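> Dropping in input.txt, with compact mmCIF, C-alpha atoms.
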# COMPACT_ATOMS: atom_id res chain seq x y z
CA MET A 151 30.87 184.70 -187.44
CA ARG A 152 34.30 184.10 -188.86
CA ARG A 153 34.35 180.53 -187.48
CA VAL A 154 30.94 179.79 -189.00
CA ALA A 155 32.05 181.17 -192.35
CA LEU A 156 35.31 179.16 -192.18
CA TRP A 157 33.51 175.89 -191.42
CA SER A 158 31.07 176.60 -194.26
CA LEU A 159 33.95 177.06 -196.68
CA LEU A 160 35.62 173.84 -195.49
CA ALA A 161 32.37 171.92 -195.91
CA LEU A 162 31.86 173.39 -199.36
CA TYR A 163 35.35 172.91 -200.78
CA GLY A 164 36.21 169.80 -198.77
CA GLY A 165 33.28 167.95 -200.31
CA VAL A 166 34.20 168.62 -203.93
CA PRO A 167 37.05 166.10 -204.32
CA ALA A 168 34.94 163.30 -202.76
CA ALA A 169 32.00 163.98 -205.07
CA ALA A 170 34.29 164.17 -208.07
CA ALA A 171 35.89 160.87 -207.12
CA GLN A 172 32.49 159.17 -207.07
CA THR A 173 31.78 160.22 -210.64
CA GLN A 174 35.09 159.00 -212.05
CA PRO A 175 34.59 156.04 -214.43
CA ASP A 176 35.72 152.60 -213.34
CA THR A 177 38.74 151.62 -215.43
CA THR A 178 39.05 148.09 -214.07
CA ALA A 179 37.42 144.95 -215.44
CA ARG A 180 35.92 141.77 -213.99
CA ILE A 181 35.80 138.11 -215.05
CA ALA A 182 33.25 135.62 -213.74
CA GLY A 183 31.91 132.28 -214.91
CA THR A 184 31.81 128.54 -214.38
CA VAL A 185 34.15 125.61 -214.97
CA ARG A 186 32.69 122.30 -216.07
CA SER A 187 33.97 119.00 -217.35
CA SER A 188 33.80 118.65 -221.11
CA VAL A 189 33.43 114.90 -220.60
CA ASP A 190 30.13 114.92 -218.70
CA GLY A 191 29.25 118.59 -218.11
CA LEU A 192 29.52 118.37 -214.31
CA PRO A 193 30.91 121.34 -212.30
CA MET A 194 34.65 121.25 -211.58
CA PRO A 195 35.70 122.68 -208.21
CA GLY A 196 39.34 123.38 -207.36
CA VAL A 197 40.37 124.90 -210.70
CA THR A 198 42.69 127.91 -210.24
CA LEU A 199 42.28 130.94 -212.50
CA SER A 200 44.73 133.83 -212.28
CA LEU A 201 45.43 137.09 -214.07
CA ARG A 202 48.10 139.66 -213.19
CA GLY A 203 48.42 138.55 -209.57
CA THR A 204 44.68 138.16 -208.95
CA THR A 205 43.64 134.56 -208.29
CA ALA A 206 40.35 132.70 -207.84
CA VAL A 207 39.49 129.02 -207.32
CA SER A 208 36.27 127.51 -208.66
CA ASP A 209 33.87 126.48 -205.90
CA SER A 210 31.66 123.41 -205.43
CA VAL A 211 29.37 124.45 -208.30
CA GLY A 212 32.30 125.39 -210.55
CA ALA A 213 31.77 129.16 -210.13
CA PHE A 214 34.60 131.71 -209.95
CA ALA A 215 35.10 135.50 -210.06
CA LEU A 216 38.08 137.82 -210.55
CA ALA A 217 37.64 141.53 -209.79
CA ARG A 218 39.59 144.79 -210.23
CA LEU A 219 41.51 143.56 -213.25
CA PRO A 220 43.43 145.74 -215.71
CA SER A 221 41.60 146.33 -218.98
CA GLY A 222 42.98 145.67 -222.47
CA ARG A 223 44.57 142.52 -223.88
CA GLN A 224 45.28 140.17 -220.98
CA THR A 225 46.17 136.52 -220.45
CA LEU A 226 44.11 134.31 -218.15
CA ARG A 227 45.95 131.30 -216.74
CA ILE A 228 43.95 128.17 -215.92
CA HIS A 229 45.60 125.60 -213.67
CA TYR A 230 44.31 122.29 -212.32
CA GLY A 231 46.46 120.01 -210.19
CA ASP A 232 49.39 118.51 -212.06
CA THR A 233 47.40 117.71 -215.19
CA LEU A 234 46.57 121.08 -216.72
CA SER A 235 48.11 124.49 -217.27
CA HIS A 236 46.57 126.62 -220.00
CA ASP A 237 46.90 130.29 -221.04
CA GLU A 238 43.97 132.02 -222.74
CA GLU A 239 44.34 135.52 -224.22
CA MET A 240 41.31 137.80 -224.07
CA LYS A 241 40.30 141.44 -224.23
CA LEU A 242 38.87 143.07 -221.10
CA GLU A 243 36.73 146.19 -221.31
CA PRO A 244 37.01 148.87 -218.59
CA GLY A 245 34.03 148.93 -216.26
CA LYS A 246 32.58 145.70 -217.69
CA ALA A 247 32.38 142.04 -216.67
CA LEU A 248 33.34 139.21 -219.01
CA ILE A 249 31.26 136.10 -218.31
CA LEU A 250 33.06 132.93 -219.33
CA ALA A 251 32.14 129.28 -219.75
CA VAL A 252 35.20 127.05 -219.28
CA LEU A 253 35.18 123.39 -220.30
CA LEU A 254 38.07 121.17 -219.25
CA ASP A 255 39.01 117.58 -219.95
CA VAL A 256 41.59 116.33 -217.48
CA SER A 257 41.42 112.65 -218.39
CA GLU A 258 44.75 111.00 -219.05
CA ASP A 259 43.88 109.40 -222.37
CA ASP A 260 43.12 111.47 -225.48
CA PRO A 261 42.16 114.72 -223.68
CA LEU A 262 40.23 117.55 -225.31
CA ALA A 263 41.82 120.98 -225.53
CA PRO A 264 40.37 123.44 -222.96
CA ILE A 265 37.44 125.47 -224.26
CA VAL A 266 37.06 129.04 -222.97
CA VAL A 267 34.10 130.97 -224.39
CA ASP A 268 32.45 134.33 -223.72
CA THR A 269 28.87 133.27 -222.99
CA THR A 270 27.47 136.23 -224.95
CA SER A 271 29.41 135.40 -228.10
CA PHE A 272 28.19 133.75 -231.30
CA ARG A 273 30.54 130.85 -230.59
CA ALA A 274 28.95 130.03 -227.22
CA TRP A 275 25.76 128.37 -228.48
CA ARG A 276 27.37 126.95 -231.66
CA GLY A 277 29.71 124.63 -229.82
CA LEU A 278 30.16 122.29 -226.88
CA VAL A 279 29.29 125.07 -224.41
CA GLY A 280 25.90 125.42 -226.09
CA PHE A 281 25.56 121.63 -226.03
CA TYR A 282 25.70 121.56 -222.22
CA GLU A 283 23.46 124.60 -221.88
CA ARG A 284 20.80 122.98 -224.08
CA LYS A 285 21.17 119.73 -222.16
CA LYS A 286 19.61 121.50 -219.15
CA SER A 287 16.39 122.12 -221.10
CA GLY A 288 15.33 118.48 -221.03
CA ARG A 289 14.47 118.52 -224.73
CA GLY A 290 16.08 116.04 -227.07
CA ARG A 291 18.55 113.27 -226.28
CA PHE A 292 22.11 114.15 -225.32
CA TYR A 293 25.21 111.99 -225.48
CA THR A 294 28.39 113.25 -223.80
CA VAL A 295 31.97 112.10 -224.38
CA ALA A 296 31.51 109.64 -221.52
CA ASP A 297 28.36 108.22 -223.16
CA LEU A 298 29.99 107.97 -226.58
CA ALA A 299 33.08 106.27 -225.16
CA ARG A 300 30.92 103.32 -224.11
CA LEU A 301 29.68 103.02 -227.69
CA ARG A 302 32.85 103.91 -229.59
CA ASP A 303 32.96 100.62 -231.51
CA VAL A 304 29.38 101.06 -232.75
CA PRO A 305 28.89 102.49 -236.28
CA LEU A 306 27.17 105.89 -236.39
CA GLN A 307 24.17 104.39 -238.20
CA THR A 308 23.67 101.85 -235.40
CA PHE A 309 24.08 104.58 -232.78
CA PHE A 310 21.34 106.67 -234.34
CA SER A 311 19.05 103.66 -234.55
CA VAL A 312 19.57 103.00 -230.82
CA SER A 313 18.84 106.67 -230.06
CA GLY A 314 15.43 106.43 -231.72
CA VAL A 315 16.23 107.70 -235.21
CA VAL A 316 14.69 105.69 -238.06
CA LEU A 317 17.03 105.26 -241.03
CA ARG A 318 15.69 104.85 -244.52
CA CYS A 319 18.31 103.18 -246.70
CA GLN A 320 18.30 102.82 -250.43
CA GLU A 321 20.06 99.95 -252.14
CA GLN A 322 23.64 100.86 -253.10
CA ARG A 323 23.09 104.37 -251.74
CA TYR A 324 23.41 106.11 -248.39
CA CYS A 325 20.82 106.12 -245.60
CA VAL A 326 18.86 109.17 -244.47
CA PRO A 327 17.66 109.82 -240.89
CA LEU A 328 13.93 110.35 -240.40
CA GLY A 329 12.26 112.49 -237.77
CA PHE A 330 8.78 113.91 -237.27
CA ASN A 331 6.94 117.04 -238.30
CA GLY A 332 3.82 116.56 -236.24
CA ALA A 333 2.72 113.00 -237.02
CA ARG A 334 4.38 112.98 -240.44
CA ARG A 335 7.83 111.50 -241.04
CA CYS A 336 10.40 113.68 -242.77
CA VAL A 337 14.16 113.79 -243.38
CA MET A 338 16.07 115.16 -240.41
CA ALA A 339 18.70 117.87 -240.79
CA MET A 340 22.24 116.82 -239.82
CA PHE A 341 24.79 119.26 -238.41
CA LEU A 342 28.48 118.78 -237.71
CA ASN A 343 30.03 121.60 -235.67
CA ALA A 344 27.02 123.80 -236.50
CA SER A 345 27.38 123.30 -240.27
CA LEU A 346 24.63 121.54 -242.22
CA VAL A 347 26.00 118.33 -243.76
CA PRO A 348 24.55 115.78 -246.22
CA PRO A 349 23.33 112.31 -245.15
CA GLU A 350 26.55 110.76 -246.55
CA TYR A 351 28.24 111.81 -243.31
CA LEU A 352 26.53 108.85 -241.65
CA GLU A 353 29.06 106.72 -243.53
CA VAL A 354 32.06 108.92 -242.73
CA VAL A 355 31.88 110.18 -239.13
CA ARG A 356 32.96 107.90 -236.27
CA LEU A 357 31.76 108.15 -232.67
CA ASP A 358 35.33 108.38 -231.35
CA GLN A 359 35.69 111.64 -233.33
CA LEU A 360 32.80 113.27 -231.47
CA ALA A 361 32.61 115.16 -228.17
CA GLY A 362 28.82 115.31 -228.05
CA VAL A 363 25.66 114.44 -229.97
CA GLU A 364 22.17 115.94 -229.73
CA VAL A 365 19.15 114.15 -231.20
CA TYR A 366 15.82 115.92 -231.69
CA LEU A 367 13.24 113.54 -233.12
CA HIS A 368 10.49 116.16 -233.38
CA ALA A 369 10.57 119.49 -235.20
CA VAL A 370 9.11 121.36 -232.22
CA ASP A 371 12.10 120.42 -230.05
CA VAL A 372 14.85 121.59 -232.43
CA PRO A 373 16.65 124.72 -231.10
CA ALA A 374 15.74 127.83 -233.11
CA HIS A 375 19.32 128.33 -234.34
CA PHE A 376 19.23 124.94 -236.06
CA ARG A 377 15.83 124.95 -237.66
CA SER A 378 16.14 124.53 -241.40
CA ALA A 379 14.84 127.21 -243.71
CA GLY A 380 13.29 124.42 -245.74
CA GLU A 381 11.31 121.54 -244.30
CA ASN A 382 10.89 121.84 -240.56
CA CYS A 383 11.78 118.42 -239.19
CA GLY A 384 13.86 116.92 -236.41
CA ALA A 385 17.64 117.34 -236.33
CA THR A 386 20.85 115.68 -235.20
CA LEU A 387 23.70 117.89 -233.95
CA MET A 388 27.22 116.46 -233.75
CA TRP A 389 30.19 118.18 -232.13
CA GLY A 390 33.75 117.17 -232.96
CA ARG A 391 36.54 116.59 -230.47
CA ASN A 392 38.73 119.43 -231.81
Could you quickly redo this structure as structure tokens?

Amino acid sequence: MRRVALWSLLALYGGVPAAAAQTQPDTTARIAGTVRSSVDGLPMPGVTLSLRGTTAVSDSVGAFALARLPSGRQTLRIHYGDTLSHDEEMKLEPGKALILAVLLDVSEDDPLAPIVVDTTSFRAWRGLVGFYERKKSGRGRFYTVADLARLRDVPLQTFFSVSGVVLRCQEQRYCVPLGFNGARRCVMAMFLNASLVPPEYLEVVRLDQLAGVEVYLHAVDVPAHFRSAGENCGATLMWGRN
């Protein structure tokens, strides 16, 4: 009887610490995401990402993950061969995963600064990360840095004409781009780095200043975030190189 009672007590009190341990909150954080080229949007394998002694290397589809990281303000180091070493400061929340989109340009001439964005943030879709995400949809016409480099000596007006945009020009005044609202032609909205700009920018912006261009000829194809509160028409979205 005493042995049975003793084993019962051991089972009862021996199980308490284990059960308590299971309910303790996770104080570590996690980072996961993908690395892609900011030149053409293709996945970049072989990129090393490290934080406080924990290291991961992006795989064949550009994916990576870092687990059991300390929370709080931390610095993520991104390293690629002999061409790139970049430190990015970020805040990690205990028990949560931060999902990042990383864009790198490792070309030797006129490289872009690395872009590291939380995919849930406001900045993600209003920038080059959003550009490549929207490119997957198949709507609109997309021109990457690599595409624009082949046309860098072409004026912006000529570029838009080649991409299907009709320009209506007034004598001694600027031209305006025309898109479609249904079957009706209308003046397209123009955005530079997510800000609405006037048609005069056709005379000012150069292709070699841009990292990406999106052209939506029809109102129905324009992403919701860029639909004008006024006339619903097509839109052109331009993203600068800095």
> Out of A:Leu242, A:Ala215, A:Ala344, A:Leu328, which residue has the shortest atom-to-atom distance to Gly280 (chain A) when counting all atoms listed in the file?
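Nearest to Gly280 (chain A): A:Ala344.
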> Of the residues A:Ser311, A:Thr177, A:Asn331, A:Ser345, which is the one nearest to Pro220 (chain A), using only C-alpha atoms?
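Under the stated criterion, the closest residue is A:Thr177.
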> Within 12 Å of (26.7, 108.9, -222.3) (file coordinates; all atoms listed in the file), which protein or nucleic acid residues are there? I'd like them as a list of chain:residue names.
A:Val189, A:Asp190, A:Gly191, A:Arg291, A:Phe292, A:Tyr293, A:Thr294, A:Val295, A:Ala296, A:Asp297, A:Leu298, A:Ala299, A:Arg300, A:Leu301, A:Arg302, A:Phe309, A:Ser313, A:Leu357, A:Leu360, A:Ala361, A:Gly362, A:Val363, A:Glu364
> Convert the current residue selection to file output with C-alpha atoms, as a PDB file, keeping the file's coordinate frame.

ATOM      1  CA  VAL A 189      33.430 114.900-220.600  1.00  0.00           C
ATOM      2  CA  ASP A 190      30.130 114.920-218.700  1.00  0.00           C
ATOM      3  CA  GLY A 191      29.250 118.590-218.110  1.00  0.00           C
ATOM      4  CA  ARG A 291      18.550 113.270-226.280  1.00  0.00           C
ATOM      5  CA  PHE A 292      22.110 114.150-225.320  1.00  0.00           C
ATOM      6  CA  TYR A 293      25.210 111.990-225.480  1.00  0.00           C
ATOM      7  CA  THR A 294      28.390 113.250-223.800  1.00  0.00           C
ATOM      8  CA  VAL A 295      31.970 112.100-224.380  1.00  0.00           C
ATOM      9  CA  ALA A 296      31.510 109.640-221.520  1.00  0.00           C
ATOM     10  CA  ASP A 297      28.360 108.220-223.160  1.00  0.00           C
ATOM     11  CA  LEU A 298      29.990 107.970-226.580  1.00  0.00           C
ATOM     12  CA  ALA A 299      33.080 106.270-225.160  1.00  0.00           C
ATOM     13  CA  ARG A 300      30.920 103.320-224.110  1.00  0.00           C
ATOM     14  CA  LEU A 301      29.680 103.020-227.690  1.00  0.00           C
ATOM     15  CA  ARG A 302      32.850 103.910-229.590  1.00  0.00           C
ATOM     16  CA  PHE A 309      24.080 104.580-232.780  1.00  0.00           C
ATOM     17  CA  SER A 313      18.840 106.670-230.060  1.00  0.00           C
ATOM     18  CA  LEU A 357      31.760 108.150-232.670  1.00  0.00           C
ATOM     19  CA  LEU A 360      32.800 113.270-231.470  1.00  0.00           C
ATOM     20  CA  ALA A 361      32.610 115.160-228.170  1.00  0.00           C
ATOM     21  CA  GLY A 362      28.820 115.310-228.050  1.00  0.00           C
ATOM     22  CA  VAL A 363      25.660 114.440-229.970  1.00  0.00           C
ATOM     23  CA  GLU A 364      22.170 115.940-229.730  1.00  0.00           C
TER      24      GLU A 364
END
> Around the point (32.5, 119.3, -213.3) in the file's coordinates, collect all residues with an atom within 12 Å, using all atoms listed in the file, and return them as a ChimeraX atom specification.
/A:184-197,208-213,251-256,282
> Rounded to one decimal in Å, what is the spacing between CA of Arg377 (chain A) and CA of Ala339 (chain A)?
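Atom-to-atom, CA of Arg377 (chain A) to CA of Ala339 (chain A), that is 8.3 Å.
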> Would you mind reading off the distance between CA of Ala369 (chain A) and CA of Leu278 (chain A), one decimal, in Å?
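According to the coordinates, CA of Ala369 (chain A) and CA of Leu278 (chain A) are separated by 21.5 Å.
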> Using all atoms listed in the file for the distances, tell me which of A:Asn343, A:Arg227, A:Ser271, A:Pro349 is nearest to Gln320 (chain A).
A:Pro349
> Leaving out His368 (chain A) and any residue of its chain fewer than 2 positions from it, which residues lie within 10 Å of it when counting all atoms listed in the file, given as a list in words?
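These residues fall inside the cut-off: Arg289, Gly290, Leu328, Gly329, Phe330, Asn331, Gly332, Ala333, Arg334, Arg335, Cys336, Met338, Val365, Tyr366, Val370, Asp371, Val372, Asn382, Cys383, Gly384 and Ala385 of chain A.
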> Could you check how far CA of Ala217 (chain A) sits from CA of Leu234 (chain A), in Å to one decimal?
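For CA of Ala217 (chain A) relative to CA of Leu234 (chain A), the distance reads 23.4 Å.
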> Using all atoms listed in the file, find the one residue out of A:Leu250, A:Leu367, A:Cys325, A:Leu346 that sits nearest to Arg180 (chain A).
A:Leu250
> Counting only C-alpha atoms, which residue out of A:Gly203, A:Arg273, A:Ile181, A:Phe281 sits closest to Lys241 (chain A)?
A:Ile181
